[in-house]
$ cat run-v6.pdb   # PDB, C-alpha atoms, pLDDT in the B column
ATOM      1  CA  MET A   1       8.149 -30.134   2.642  1.00 43.00           C
ATOM      2  CA  HIS A   2       5.755 -27.301   1.877  1.00 45.00           C
ATOM      3  CA  GLU A   3       2.055 -27.989   2.105  1.00 45.00           C
ATOM      4  CA  VAL A   4       0.372 -27.466  -1.252  1.00 44.00           C
ATOM      5  CA  VAL A   5      -2.326 -24.830  -1.094  1.00 44.00           C
ATOM      6  CA  ASP A   6      -4.587 -24.103  -4.084  1.00 45.00           C
ATOM      7  CA  VAL A   7      -5.125 -20.365  -4.529  1.00 43.00           C
ATOM      8  CA  ARG A   8      -8.839 -21.051  -5.108  1.00 41.00           C
ATOM      9  CA  GLN A   9      -9.159 -22.441  -1.601  1.00 39.00           C
ATOM     10  CA  HIS A  10      -8.221 -19.142   0.007  1.00 44.00           C
ATOM     11  CA  GLU A  11     -10.882 -17.109   1.714  1.00 42.00           C
ATOM     12  CA  ARG A  12      -8.651 -14.060   1.671  1.00 43.00           C
ATOM     13  CA  GLU A  13      -9.485 -12.944  -1.898  1.00 49.00           C
ATOM     14  CA  GLY A  14      -9.789  -9.342  -0.806  1.00 64.00           C
ATOM     15  CA  GLY A  15      -8.311  -6.181  -2.231  1.00 70.00           C
ATOM     16  CA  ALA A  16      -4.807  -6.914  -0.954  1.00 77.00           C
ATOM     17  CA  ARG A  17      -4.553 -10.199  -2.872  1.00 76.00           C
ATOM     18  CA  MET A  18      -6.224  -8.662  -5.924  1.00 76.00           C
ATOM     19  CA  ALA A  19      -3.555  -5.957  -5.968  1.00 76.00           C
ATOM     20  CA  VAL A  20      -0.849  -8.631  -6.108  1.00 80.00           C
ATOM     21  CA  PHE A  21      -2.180  -9.880  -9.441  1.00 80.00           C
ATOM     22  CA  ALA A  22      -3.137  -6.490 -10.931  1.00 80.00           C
ATOM     23  CA  PRO A  23      -1.322  -5.417 -14.141  1.00 83.00           C
ATOM     24  CA  VAL A  24       2.238  -4.232 -13.515  1.00 81.00           C
ATOM     25  CA  ASP A  25       3.494  -0.800 -14.521  1.00 67.00           C
ATOM     26  CA  GLY A  26       6.697   0.420 -16.125  1.00 54.00           C
ATOM     27  CA  ARG A  27       8.972  -0.724 -18.911  1.00 53.00           C
ATOM     28  CA  ALA A  28      11.145  -3.114 -16.898  1.00 64.00           C
ATOM     29  CA  ARG A  29       8.359  -5.656 -16.801  1.00 82.00           C
ATOM     30  CA  VAL A  30      10.465  -8.621 -15.593  1.00 89.00           C
ATOM     31  CA  ASP A  31      11.778  -6.639 -12.609  1.00 85.00           C
ATOM     32  CA  ALA A  32       8.275  -5.334 -11.887  1.00 84.00           C
ATOM     33  CA  VAL A  33       6.811  -8.854 -11.800  1.00 89.00           C
ATOM     34  CA  VAL A  34       9.668 -10.163  -9.647  1.00 87.00           C
ATOM     35  CA  ARG A  35       9.243  -7.343  -7.165  1.00 80.00           C
ATOM     36  CA  ARG A  36       5.445  -7.563  -7.073  1.00 84.00           C
ATOM     37  CA  ILE A  37       5.313 -11.320  -6.415  1.00 88.00           C
ATOM     38  CA  GLY A  38       8.435 -11.339  -4.242  1.00 83.00           C
ATOM     39  CA  ASP A  39       7.061  -8.581  -1.996  1.00 75.00           C
ATOM     40  CA  ALA A  40       3.729 -10.404  -1.688  1.00 81.00           C
ATOM     41  CA  ILE A  41       5.476 -13.638  -0.674  1.00 81.00           C
ATOM     42  CA  GLU A  42       7.715 -11.996   1.915  1.00 72.00           C
ATOM     43  CA  LEU A  43       4.725 -10.133   3.327  1.00 70.00           C
ATOM     44  CA  GLY A  44       2.662 -13.308   3.601  1.00 74.00           C
ATOM     45  CA  LEU A  45      -0.066 -12.176   1.196  1.00 78.00           C
ATOM     46  CA  LEU A  46       0.720 -15.364  -0.711  1.00 85.00           C
ATOM     47  CA  ALA A  47       0.870 -18.386   1.569  1.00 83.00           C
ATOM     48  CA  ASP A  48       3.758 -20.798   1.920  1.00 86.00           C
ATOM     49  CA  GLY A  49       3.113 -23.708  -0.442  1.00 90.00           C
ATOM     50  CA  GLU A  50       0.386 -21.884  -2.341  1.00 91.00           C
ATOM     51  CA  GLN A  51       0.174 -22.712  -6.027  1.00 93.00           C
ATOM     52  CA  LEU A  52       0.355 -19.685  -8.280  1.00 93.00           C
ATOM     53  CA  PRO A  53      -2.093 -19.410 -11.184  1.00 92.00           C
ATOM     54  CA  GLY A  54      -1.014 -21.108 -14.415  1.00 91.00           C
ATOM     55  CA  GLU A  55       1.464 -19.254 -16.596  1.00 91.00           C
ATOM     56  CA  SER A  56      -1.014 -18.043 -19.220  1.00 91.00           C
ATOM     57  CA  ASP A  57      -3.545 -17.015 -16.557  1.00 93.00           C
ATOM     58  CA  LEU A  58      -0.950 -15.230 -14.413  1.00 93.00           C
ATOM     59  CA  ALA A  59       0.614 -13.476 -17.415  1.00 92.00           C
ATOM     60  CA  GLY A  60      -2.831 -12.265 -18.432  1.00 92.00           C
ATOM     61  CA  ARG A  61      -3.621 -10.920 -14.975  1.00 90.00           C
ATOM     62  CA  LEU A  62      -0.298  -9.083 -14.739  1.00 91.00           C
ATOM     63  CA  GLY A  63      -0.571  -7.747 -18.284  1.00 90.00           C
ATOM     64  CA  VAL A  64       2.730  -9.243 -19.470  1.00 91.00           C
ATOM     65  CA  SER A  65       3.754 -11.830 -22.053  1.00 92.00           C
ATOM     66  CA  THR A  66       4.346 -15.451 -21.065  1.00 92.00           C
ATOM     67  CA  VAL A  67       8.020 -14.977 -22.007  1.00 93.00           C
ATOM     68  CA  THR A  68       8.308 -12.103 -19.516  1.00 93.00           C
ATOM     69  CA  LEU A  69       6.506 -14.124 -16.872  1.00 93.00           C
ATOM     70  CA  ARG A  70       8.809 -17.118 -17.332  1.00 93.00           C
ATOM     71  CA  GLU A  71      11.865 -14.895 -16.933  1.00 94.00           C
ATOM     72  CA  ALA A  72      10.356 -13.452 -13.737  1.00 93.00           C
ATOM     73  CA  LEU A  73       9.576 -16.923 -12.362  1.00 94.00           C
ATOM     74  CA  MET A  74      13.149 -17.981 -13.092  1.00 93.00           C
ATOM     75  CA  ALA A  75      14.440 -15.003 -11.088  1.00 90.00           C
ATOM     76  CA  LEU A  76      12.065 -15.833  -8.227  1.00 91.00           C
ATOM     77  CA  ARG A  77      13.314 -19.441  -8.228  1.00 91.00           C
ATOM     78  CA  GLN A  78      16.890 -18.183  -8.017  1.00 88.00           C
ATOM     79  CA  GLN A  79      15.875 -16.102  -4.995  1.00 82.00           C
ATOM     80  CA  GLY A  80      14.314 -19.157  -3.359  1.00 85.00           C
ATOM     81  CA  LEU A  81      10.835 -17.601  -3.343  1.00 87.00           C
ATOM     82  CA  VAL A  82       9.241 -19.962  -5.852  1.00 92.00           C
ATOM     83  CA  THR A  83       9.674 -23.656  -6.630  1.00 93.00           C
ATOM     84  CA  THR A  84       8.511 -25.333  -9.826  1.00 89.00           C
ATOM     85  CA  ARG A  85       7.291 -28.919 -10.125  1.00 87.00           C
ATOM     86  CA  ARG A  86       6.854 -30.775 -13.371  1.00 84.00           C
ATOM     87  CA  GLY A  87       4.305 -33.363 -14.385  1.00 78.00           C
ATOM     88  CA  ARG A  88       0.850 -34.029 -13.059  1.00 80.00           C
ATOM     89  CA  GLY A  89      -0.045 -31.701 -10.210  1.00 78.00           C
ATOM     90  CA  GLY A  90       2.918 -29.522 -11.129  1.00 84.00           C
ATOM     91  CA  GLY A  91       3.206 -25.781 -11.407  1.00 90.00           C
ATOM     92  CA  SER A  92       4.841 -22.894  -9.548  1.00 93.00           C
ATOM     93  CA  PHE A  93       4.554 -22.820  -5.763  1.00 94.00           C
ATOM     94  CA  VAL A  94       5.338 -20.200  -3.137  1.00 92.00           C
ATOM     95  CA  SER A  95       8.350 -20.905  -0.939  1.00 89.00           C
ATOM     96  CA  LEU A  96       8.322 -18.648   2.105  1.00 78.00           C
ATOM     97  CA  PRO A  97      11.857 -17.504   3.006  1.00 68.00           C
ATOM     98  CA  GLU A  98      13.234 -17.929   6.480  1.00 65.00           C
ATOM     99  CA  VAL A  99      13.653 -14.778   8.510  1.00 57.00           C
ATOM    100  CA  PRO A 100      17.184 -13.305   8.222  1.00 59.00           C
ATOM    101  CA  ALA A 101      19.446 -13.901  11.213  1.00 62.00           C
ATOM    102  CA  ALA A 102      19.662 -11.097  13.749  1.00 71.00           C
ATOM    103  CA  GLY A 103      23.163 -10.206  12.556  1.00 75.00           C
ATOM    104  CA  ARG A 104      21.964  -9.789   8.975  1.00 69.00           C
ATOM    105  CA  LEU A 105      19.021  -7.672  10.108  1.00 80.00           C
ATOM    106  CA  GLU A 106      21.283  -5.426  12.165  1.00 86.00           C
ATOM    107  CA  ALA A 107      23.633  -5.059   9.212  1.00 80.00           C
ATOM    108  CA  ARG A 108      20.638  -4.124   7.063  1.00 81.00           C
ATOM    109  CA  LEU A 109      19.514  -1.570   9.660  1.00 90.00           C
ATOM    110  CA  ARG A 110      23.014  -0.027   9.670  1.00 90.00           C
ATOM    111  CA  GLY A 111      22.417   0.775   6.021  1.00 88.00           C
ATOM    112  CA  TRP A 112      19.793   3.297   7.105  1.00 92.00           C
ATOM    113  CA  SER A 113      20.624   6.597   8.761  1.00 95.00           C
ATOM    114  CA  THR A 114      18.283   7.851  11.476  1.00 95.00           C
ATOM    115  CA  ASP A 115      17.166  10.662   9.147  1.00 96.00           C
ATOM    116  CA  GLU A 116      16.345   8.135   6.424  1.00 95.00           C
ATOM    117  CA  LEU A 117      14.360   6.018   8.875  1.00 95.00           C
ATOM    118  CA  ARG A 118      12.358   9.029  10.039  1.00 96.00           C
ATOM    119  CA  ASP A 119      11.719  10.033   6.430  1.00 96.00           C
ATOM    120  CA  LEU A 120      10.526   6.509   5.705  1.00 94.00           C
ATOM    121  CA  GLY A 121       8.308   6.703   8.794  1.00 95.00           C
ATOM    122  CA  ASP A 122       6.773   9.986   7.561  1.00 96.00           C
ATOM    123  CA  HIS A 123       5.963   8.382   4.207  1.00 96.00           C
ATOM    124  CA  TRP A 124       4.562   5.260   5.857  1.00 96.00           C
ATOM    125  CA  ALA A 125       2.441   7.270   8.306  1.00 97.00           C
ATOM    126  CA  ALA A 126       1.058   9.370   5.458  1.00 97.00           C
ATOM    127  CA  LEU A 127       0.083   6.242   3.522  1.00 97.00           C
ATOM    128  CA  SER A 128      -1.497   4.454   6.475  1.00 97.00           C
ATOM    129  CA  GLY A 129      -3.255   7.557   7.757  1.00 98.00           C
ATOM    130  CA  ALA A 130      -4.764   8.267   4.347  1.00 98.00           C
ATOM    131  CA  ALA A 131      -5.781   4.623   3.957  1.00 97.00           C
ATOM    132  CA  ALA A 132      -7.497   4.571   7.353  1.00 98.00           C
ATOM    133  CA  ARG A 133      -9.433   7.783   6.645  1.00 98.00           C
ATOM    134  CA  LEU A 134     -10.573   6.552   3.239  1.00 97.00           C
ATOM    135  CA  ALA A 135     -11.478   3.129   4.631  1.00 97.00           C
ATOM    136  CA  ALA A 136     -13.672   4.781   7.278  1.00 97.00           C
ATOM    137  CA  ARG A 137     -15.572   6.589   4.515  1.00 97.00           C
ATOM    138  CA  ARG A 138     -15.788   3.786   1.959  1.00 95.00           C
ATOM    139  CA  THR A 139     -15.580   0.373   3.563  1.00 90.00           C
ATOM    140  CA  GLU A 140     -18.375  -2.125   3.963  1.00 86.00           C
ATOM    141  CA  PRO A 141     -18.588  -4.289   7.137  1.00 80.00           C
ATOM    142  CA  GLY A 142     -17.333  -7.404   5.345  1.00 84.00           C
ATOM    143  CA  ASP A 143     -14.259  -5.546   4.063  1.00 87.00           C
ATOM    144  CA  LEU A 144     -12.899  -5.445   7.608  1.00 94.00           C
ATOM    145  CA  ASP A 145     -12.810  -9.224   8.071  1.00 94.00           C
ATOM    146  CA  PRO A 146      -9.231  -9.588   6.745  1.00 93.00           C
ATOM    147  CA  LEU A 147      -8.083  -6.817   9.114  1.00 95.00           C
ATOM    148  CA  ARG A 148      -9.749  -8.480  12.085  1.00 95.00           C
ATOM    149  CA  ARG A 149      -8.172 -11.852  11.262  1.00 94.00           C
ATOM    150  CA  THR A 150      -4.739 -10.311  10.896  1.00 94.00           C
ATOM    151  CA  ALA A 151      -5.029  -8.386  14.176  1.00 95.00           C
ATOM    152  CA  GLU A 152      -6.014 -11.561  16.040  1.00 95.00           C
ATOM    153  CA  GLU A 153      -3.257 -13.594  14.396  1.00 95.00           C
ATOM    154  CA  LEU A 154      -0.756 -10.956  15.499  1.00 95.00           C
ATOM    155  CA  ALA A 155      -2.070 -11.094  19.065  1.00 95.00           C
ATOM    156  CA  LEU A 156      -1.257 -14.835  19.122  1.00 95.00           C
ATOM    157  CA  ALA A 157       1.937 -14.893  17.046  1.00 94.00           C
ATOM    158  CA  ARG A 158       4.981 -16.233  18.889  1.00 93.00           C
ATOM    159  CA  GLU A 159       7.712 -15.891  16.273  1.00 89.00           C
ATOM    160  CA  THR A 160       9.087 -12.462  15.442  1.00 88.00           C
ATOM    161  CA  ALA A 161       9.101 -13.274  11.705  1.00 84.00           C
ATOM    162  CA  ALA A 162       5.366 -13.971  11.816  1.00 88.00           C
ATOM    163  CA  ARG A 163       4.771 -10.818  13.849  1.00 92.00           C
ATOM    164  CA  SER A 164       6.602  -8.613  11.339  1.00 90.00           C
ATOM    165  CA  ARG A 165       4.695 -10.117   8.401  1.00 88.00           C
ATOM    166  CA  LEU A 166       1.356  -9.676  10.166  1.00 92.00           C
ATOM    167  CA  TYR A 167       2.198  -6.085  11.133  1.00 94.00           C
ATOM    168  CA  GLY A 168       2.945  -5.253   7.518  1.00 92.00           C
ATOM    169  CA  ARG A 169      -0.016  -7.218   6.205  1.00 92.00           C
ATOM    170  CA  PHE A 170      -2.369  -5.224   8.438  1.00 95.00           C
ATOM    171  CA  HIS A 171      -1.325  -1.965   6.799  1.00 95.00           C
ATOM    172  CA  VAL A 172      -1.603  -3.461   3.315  1.00 93.00           C
ATOM    173  CA  GLU A 173      -5.106  -4.724   4.093  1.00 94.00           C
ATOM    174  CA  LEU A 174      -6.010  -1.329   5.533  1.00 96.00           C
ATOM    175  CA  ALA A 175      -5.151   0.204   2.160  1.00 95.00           C
ATOM    176  CA  ALA A 176      -7.186  -2.505   0.440  1.00 94.00           C
ATOM    177  CA  ALA A 177     -10.150  -1.649   2.680  1.00 95.00           C
ATOM    178  CA  ALA A 178      -9.815   1.927   1.430  1.00 95.00           C
ATOM    179  CA  GLN A 179     -10.580   0.499  -2.032  1.00 93.00           C
ATOM    180  CA  SER A 180      -7.437   2.084  -3.440  1.00 93.00           C
ATOM    181  CA  ALA A 181      -5.312  -0.183  -5.654  1.00 89.00           C
ATOM    182  CA  ARG A 182      -2.561   2.428  -5.800  1.00 91.00           C
ATOM    183  CA  LEU A 183      -2.353   2.838  -2.013  1.00 93.00           C
ATOM    184  CA  THR A 184      -2.335  -0.942  -1.649  1.00 92.00           C
ATOM    185  CA  ARG A 185       0.553  -1.349  -4.095  1.00 88.00           C
ATOM    186  CA  GLU A 186       2.449   1.458  -2.350  1.00 91.00           C
ATOM    187  CA  GLN A 187       2.038  -0.295   0.997  1.00 91.00           C
ATOM    188  CA  VAL A 188       3.241  -3.610  -0.436  1.00 87.00           C
ATOM    189  CA  ALA A 189       6.334  -1.916  -1.859  1.00 84.00           C
ATOM    190  CA  LEU A 190       7.020  -0.068   1.401  1.00 89.00           C
ATOM    191  CA  GLN A 191       6.791  -3.258   3.436  1.00 83.00           C
ATOM    192  CA  SER A 192       9.494  -4.802   1.253  1.00 76.00           C
ATOM    193  CA  GLU A 193      11.813  -2.051   2.547  1.00 79.00           C
ATOM    194  CA  VAL A 194      10.910  -2.029   6.228  1.00 83.00           C
ATOM    195  CA  GLY A 195       9.048  -5.281   6.930  1.00 79.00           C
ATOM    196  CA  ALA A 196      11.922  -7.573   7.911  1.00 80.00           C
ATOM    197  CA  LEU A 197      13.473  -4.860  10.099  1.00 88.00           C
ATOM    198  CA  LEU A 198      10.401  -4.951  12.338  1.00 90.00           C
ATOM    199  CA  CYS A 199      11.697  -8.293  13.633  1.00 88.00           C
ATOM    200  CA  LEU A 200      14.187  -6.188  15.616  1.00 91.00           C
ATOM    201  CA  VAL A 201      11.440  -4.395  17.565  1.00 92.00           C
ATOM    202  CA  LEU A 202       8.618  -6.951  17.766  1.00 93.00           C
ATOM    203  CA  GLY A 203      10.365  -9.486  19.975  1.00 91.00           C
ATOM    204  CA  SER A 204       8.664  -8.283  23.142  1.00 92.00           C
ATOM    205  CA  ASP A 205       5.336  -9.939  23.992  1.00 94.00           C
ATOM    206  CA  GLU A 206       4.287  -6.728  25.708  1.00 95.00           C
ATOM    207  CA  TYR A 207       4.847  -4.672  22.565  1.00 95.00           C
ATOM    208  CA  ARG A 208       3.145  -7.291  20.400  1.00 95.00           C
ATOM    209  CA  GLU A 209       0.034  -7.025  22.577  1.00 94.00           C
ATOM    210  CA  GLU A 210       0.230  -3.230  22.467  1.00 96.00           C
ATOM    211  CA  VAL A 211       0.402  -3.275  18.658  1.00 96.00           C
ATOM    212  CA  ALA A 212      -2.482  -5.733  18.407  1.00 95.00           C
ATOM    213  CA  GLU A 213      -4.588  -3.432  20.580  1.00 96.00           C
ATOM    214  CA  ARG A 214      -3.623  -0.431  18.447  1.00 97.00           C
ATOM    215  CA  HIS A 215      -4.728  -2.328  15.353  1.00 97.00           C
ATOM    216  CA  ARG A 216      -8.047  -3.215  16.978  1.00 97.00           C
ATOM    217  CA  SER A 217      -8.581   0.479  17.766  1.00 98.00           C
ATOM    218  CA  VAL A 218      -7.972   1.401  14.133  1.00 98.00           C
ATOM    219  CA  ILE A 219     -10.495  -1.229  13.014  1.00 98.00           C
ATOM    220  CA  SER A 220     -13.060   0.056  15.503  1.00 97.00           C
ATOM    221  CA  ALA A 221     -12.666   3.645  14.301  1.00 98.00           C
ATOM    222  CA  VAL A 222     -12.926   2.566  10.653  1.00 98.00           C
ATOM    223  CA  GLN A 223     -16.050   0.541  11.429  1.00 96.00           C
ATOM    224  CA  ASP A 224     -17.618   3.552  13.166  1.00 96.00           C
ATOM    225  CA  GLY A 225     -16.845   5.790  10.197  1.00 97.00           C
ATOM    226  CA  ALA A 226     -14.666   8.033  12.384  1.00 97.00           C
ATOM    227  CA  ASP A 227     -12.252   8.912   9.598  1.00 97.00           C
ATOM    228  CA  GLN A 228     -10.070  11.442  11.418  1.00 98.00           C
ATOM    229  CA  THR A 229      -9.732   9.240  14.489  1.00 98.00           C
ATOM    230  CA  ALA A 230      -8.893   6.233  12.320  1.00 98.00           C
ATOM    231  CA  GLY A 231      -6.236   8.188  10.442  1.00 98.00           C
ATOM    232  CA  THR A 232      -4.656   9.541  13.619  1.00 98.00           C
ATOM    233  CA  LEU A 233      -4.532   6.089  15.243  1.00 98.00           C
ATOM    234  CA  ALA A 234      -2.969   4.497  12.163  1.00 98.00           C
ATOM    235  CA  GLU A 235      -0.346   7.245  11.970  1.00 98.00           C
ATOM    236  CA  ARG A 236       0.531   6.894  15.667  1.00 97.00           C
ATOM    237  CA  CYS A 237       0.942   3.149  15.274  1.00 96.00           C
ATOM    238  CA  VAL A 238       3.414   3.592  12.419  1.00 96.00           C
ATOM    239  CA  ARG A 239       5.310   6.436  14.037  1.00 97.00           C
ATOM    240  CA  ASP A 240       5.796   4.418  17.214  1.00 96.00           C
ATOM    241  CA  ALA A 241       7.244   1.495  15.245  1.00 96.00           C
ATOM    242  CA  THR A 242       9.513   3.875  13.350  1.00 96.00           C
ATOM    243  CA  GLU A 243      10.822   5.488  16.536  1.00 96.00           C
ATOM    244  CA  ARG A 244      11.608   2.033  17.902  1.00 96.00           C
ATOM    245  CA  LEU A 245      13.595   1.296  14.752  1.00 96.00           C
ATOM    246  CA  VAL A 246      15.421   4.597  15.148  1.00 96.00           C
ATOM    247  CA  ALA A 247      16.215   3.722  18.779  1.00 96.00           C
ATOM    248  CA  ALA A 248      17.505   0.305  17.675  1.00 94.00           C
ATOM    249  CA  ARG A 249      19.658   1.978  15.003  1.00 95.00           C
ATOM    250  CA  LEU A 250      21.194   4.300  17.587  1.00 95.00           C
ATOM    251  CA  THR A 251      22.343   1.321  19.680  1.00 92.00           C
ATOM    252  CA  LEU A 252      24.327  -0.205  16.808  1.00 85.00           C
TER     253      LEU A 252
END
$ encode --input "run-v6.pdb" --output "C-alpha cells"
Amino acid sequence: MHEVVDVRQHEREGGARMAVFAPVDGRARVDAVVRRIGDAIELGLLADGEQLPGESDLAGRLGVSTVTLREALMALRQQGLVTTRRGRGGGSFVSLPEVPAAGRLEARLRGWSTDELRDLGDHWAALSGAAARLAARRTEPGDLDPLRRTAEELALARETAARSRLYGRFHVELAAAAQSARLTREQVALQSEVGALLCLVLGSDEYREEVAERHRSVISAVQDGADQTAGTLAERCVRDATERLVAARLTL
C-alpha cells in the first residue's frame, strides 16, 4: 500500500519540481506528457504515493487539453507509474516502479556500445558542467538546500535503486540551481536513458561514499562562486560514472 502524499506538503518545490510541471513542447503532446511525468517518477522527483494535481490544474500547467492529459494518464497507468482512485479522496497517485532485475539491467546495457556510452557521457558531462558553472554564478544560498539534502540522502542510501535515483536527482537539481528550465528538462530526459543503469555501478558502499563526497565538493564550489572549479568537479563526477558503465559493458 502506497502512502498518500499531498503535493502541497512537499518542501522540495524547487526548480527541479517546477520543471516537471512546465508546459510541454512538440506536437506529440500525449507522448511528451507521458515521458515528462514518467521520467520524473522514475527519477524520484515525484514521490511514491504522491497525489498529482487535479486534471484541470495539471493540464493547465502542462499547457495541454484535459483530453490529452487523460490519454497520458491512461498510458502511465498501463506502465504502472500511476494509479487512479475514484470517489472521495480520489485522484491520480504516483506509483514508484521497482528497480529492474540485474539480468534486465545487463540486457539493457548490452544495447549500448562502448562508443555510444562514451558519447552519452560527453553529453552528460557537458550538461552538468555547464549547470554547475551557471549555478555558481546565479544561485542563492537557499537554492542549494535540495542539493545538500540529496547528497546526504545518497551518503546514507543502502539500496542501489535509491542510490541511482539520488545520483540522477542531484544532477537535475544542479541544473535547477542554475535557474535554467531547459538544462533541467535536458537532465531529466538524460536520466531516463542512463539512470537505471547506474544500479550496476553503485552497489559498492565505497563508491557510494566517494560519489557523495564528490557531490559535496560540487556544492561547496557552487556556494563559493568558483564557477570553473564547480564545472570541472561536476564533469569529473559524470565521466567517472560513465567509465564505470563502460567497464561494466566490456565485461558482458
$ resolve_selection --input "run-v6.pdb" --expression "the PyMOL selection byres ((chain A and resi 43-56) around 8)" --output "number ranges by chain"
A: 2-7, 16-17, 39-42, 57-60, 66, 69-70, 91-96, 165-166, 168-169, 188, 191-192, 195
$ resolve_selection --input "run-v6.pdb" --expression "the PyMOL selection byres ((chain A and resi 249) around 10)" --output "ChimeraX atom specification"
/A:106-107,109-114,117,200,243-248,250-252
$ closest_residue --input "run-v6.pdb" --among "A:Leu73, A:Val82, A:Leu147, A:Leu154" --to "Ala132 in chain A" --atoms "all atoms listed in the file"
A:Leu147
$ closest_residue --input "run-v6.pdb" --among "A:Leu120, A:Val67, A:Ala130, A:Ala157" --to "Ala178 in chain A" --atoms "all atoms listed in the file"
A:Ala130
$ residues_around --input "run-v6.pdb" --residues "Gln223 in chain A" --least-positions-apart "6" --cutoff "8 Å" --atoms "all atoms listed in the file" --output "PyMOL selection string"
chain A and resi 136+139+141+144
$ resolve_selection --input "run-v6.pdb" --expression "the PyMOL selection byres ((chain A and resi 230) around 12)" --output "PyMOL selection string"
chain A and resi 128-137+174+178+214-229+231-237
$ closest_atom_pairs --input "run-v6.pdb" --of "range 55-133 of chain A" --to "range 35-38 of chain A" --cutoff "9 Å" --atoms "only C-alpha atoms" --output "JSON lines"
{"residue": "A:Leu76", "atom": "CA", "partner": "A:Gly38", "partner_atom": "CA", "distance": 7.0}
{"residue": "A:Gln79", "atom": "CA", "partner": "A:Gly38", "partner_atom": "CA", "distance": 8.9}
{"residue": "A:Leu81", "atom": "CA", "partner": "A:Gly38", "partner_atom": "CA", "distance": 6.8}
{"residue": "A:Val82", "atom": "CA", "partner": "A:Gly38", "partner_atom": "CA", "distance": 8.8}
$ atom_distance --input "run-v6.pdb" --atom1 "CA of Glu193 in chain A" --atom2 "CA of Ala32 in chain A"
15.2 Å
$ atom_distance --input "run-v6.pdb" --atom1 "CA of Arg77 in chain A" --atom2 "CA of Leu105 in chain A"
22.5 Å
$ axis_aligned_box --input "run-v6.pdb" --around "range 29-40 of chain A" --padding-each-side "3 Å" --output "lines of an AutoDock Vina configuration file"
center_x = 7.8
center_y = -8.3
center_z = -9.2
size_x = 14.0
size_y = 12.0
size_z = 21.1
$ decode --input "run-v6.pdb" --residues "range 209-223 of chain A" --atoms "N, CA and C atoms" --output "mmCIF file, in the first residue's frame"
data_model
loop_
_atom_site.group_PDB
_atom_site.id
_atom_site.type_symbol
_atom_site.label_atom_id
_atom_site.label_comp_id
_atom_site.auth_asym_id
_atom_site.auth_seq_id
_atom_site.Cartn_x
_atom_site.Cartn_y
_atom_site.Cartn_z
ATOM 1 N N GLU A 209 30.124 6.313 -1.117
ATOM 2 C CA GLU A 209 30.709 7.359 -0.270
ATOM 3 C C GLU A 209 31.581 8.305 -1.092
ATOM 4 N N GLU A 210 32.293 7.750 -2.068
ATOM 5 C CA GLU A 210 33.124 8.586 -2.937
ATOM 6 C C GLU A 210 32.258 9.564 -3.729
ATOM 7 N N VAL A 211 31.134 9.055 -4.272
ATOM 8 C CA VAL A 211 30.237 9.907 -5.050
ATOM 9 C C VAL A 211 29.627 10.986 -4.164
ATOM 10 N N ALA A 212 29.202 10.603 -2.969
ATOM 11 C CA ALA A 212 28.612 11.580 -2.053
ATOM 12 C C ALA A 212 29.611 12.701 -1.743
ATOM 13 N N GLU A 213 30.870 12.333 -1.573
ATOM 14 C CA GLU A 213 31.895 13.343 -1.300
ATOM 15 C C GLU A 213 32.138 14.228 -2.521
ATOM 16 N N ARG A 214 32.087 13.630 -3.714
ATOM 17 C CA ARG A 214 32.222 14.421 -4.935
ATOM 18 C C ARG A 214 31.086 15.442 -5.030
ATOM 19 N N HIS A 215 29.876 14.993 -4.716
ATOM 20 C CA HIS A 215 28.729 15.888 -4.771
ATOM 21 C C HIS A 215 28.861 17.024 -3.759
ATOM 22 N N ARG A 216 29.358 16.708 -2.571
ATOM 23 C CA ARG A 216 29.572 17.761 -1.572
ATOM 24 C C ARG A 216 30.592 18.783 -2.077
ATOM 25 N N SER A 217 31.618 18.312 -2.777
ATOM 26 C CA SER A 217 32.640 19.222 -3.308
ATOM 27 C C SER A 217 32.059 20.149 -4.365
ATOM 28 N N VAL A 218 31.160 19.613 -5.192
ATOM 29 C CA VAL A 218 30.495 20.447 -6.192
ATOM 30 C C VAL A 218 29.673 21.528 -5.495
ATOM 31 N N ILE A 219 28.914 21.138 -4.480
ATOM 32 C CA ILE A 219 28.084 22.090 -3.738
ATOM 33 C C ILE A 219 28.950 23.185 -3.126
ATOM 34 N N SER A 220 30.069 22.791 -2.539
ATOM 35 C CA SER A 220 30.961 23.758 -1.903
ATOM 36 C C SER A 220 31.498 24.766 -2.919
ATOM 37 N N ALA A 221 31.882 24.278 -4.098
ATOM 38 C CA ALA A 221 32.411 25.169 -5.127
ATOM 39 C C ALA A 221 31.321 26.115 -5.642
ATOM 40 N N VAL A 222 30.110 25.584 -5.807
ATOM 41 C CA VAL A 222 28.989 26.426 -6.244
ATOM 42 C C VAL A 222 28.710 27.507 -5.201
ATOM 43 N N GLN A 223 28.696 27.100 -3.939
ATOM 44 C CA GLN A 223 28.433 28.056 -2.854
ATOM 45 C C GLN A 223 29.482 29.153 -2.820
#
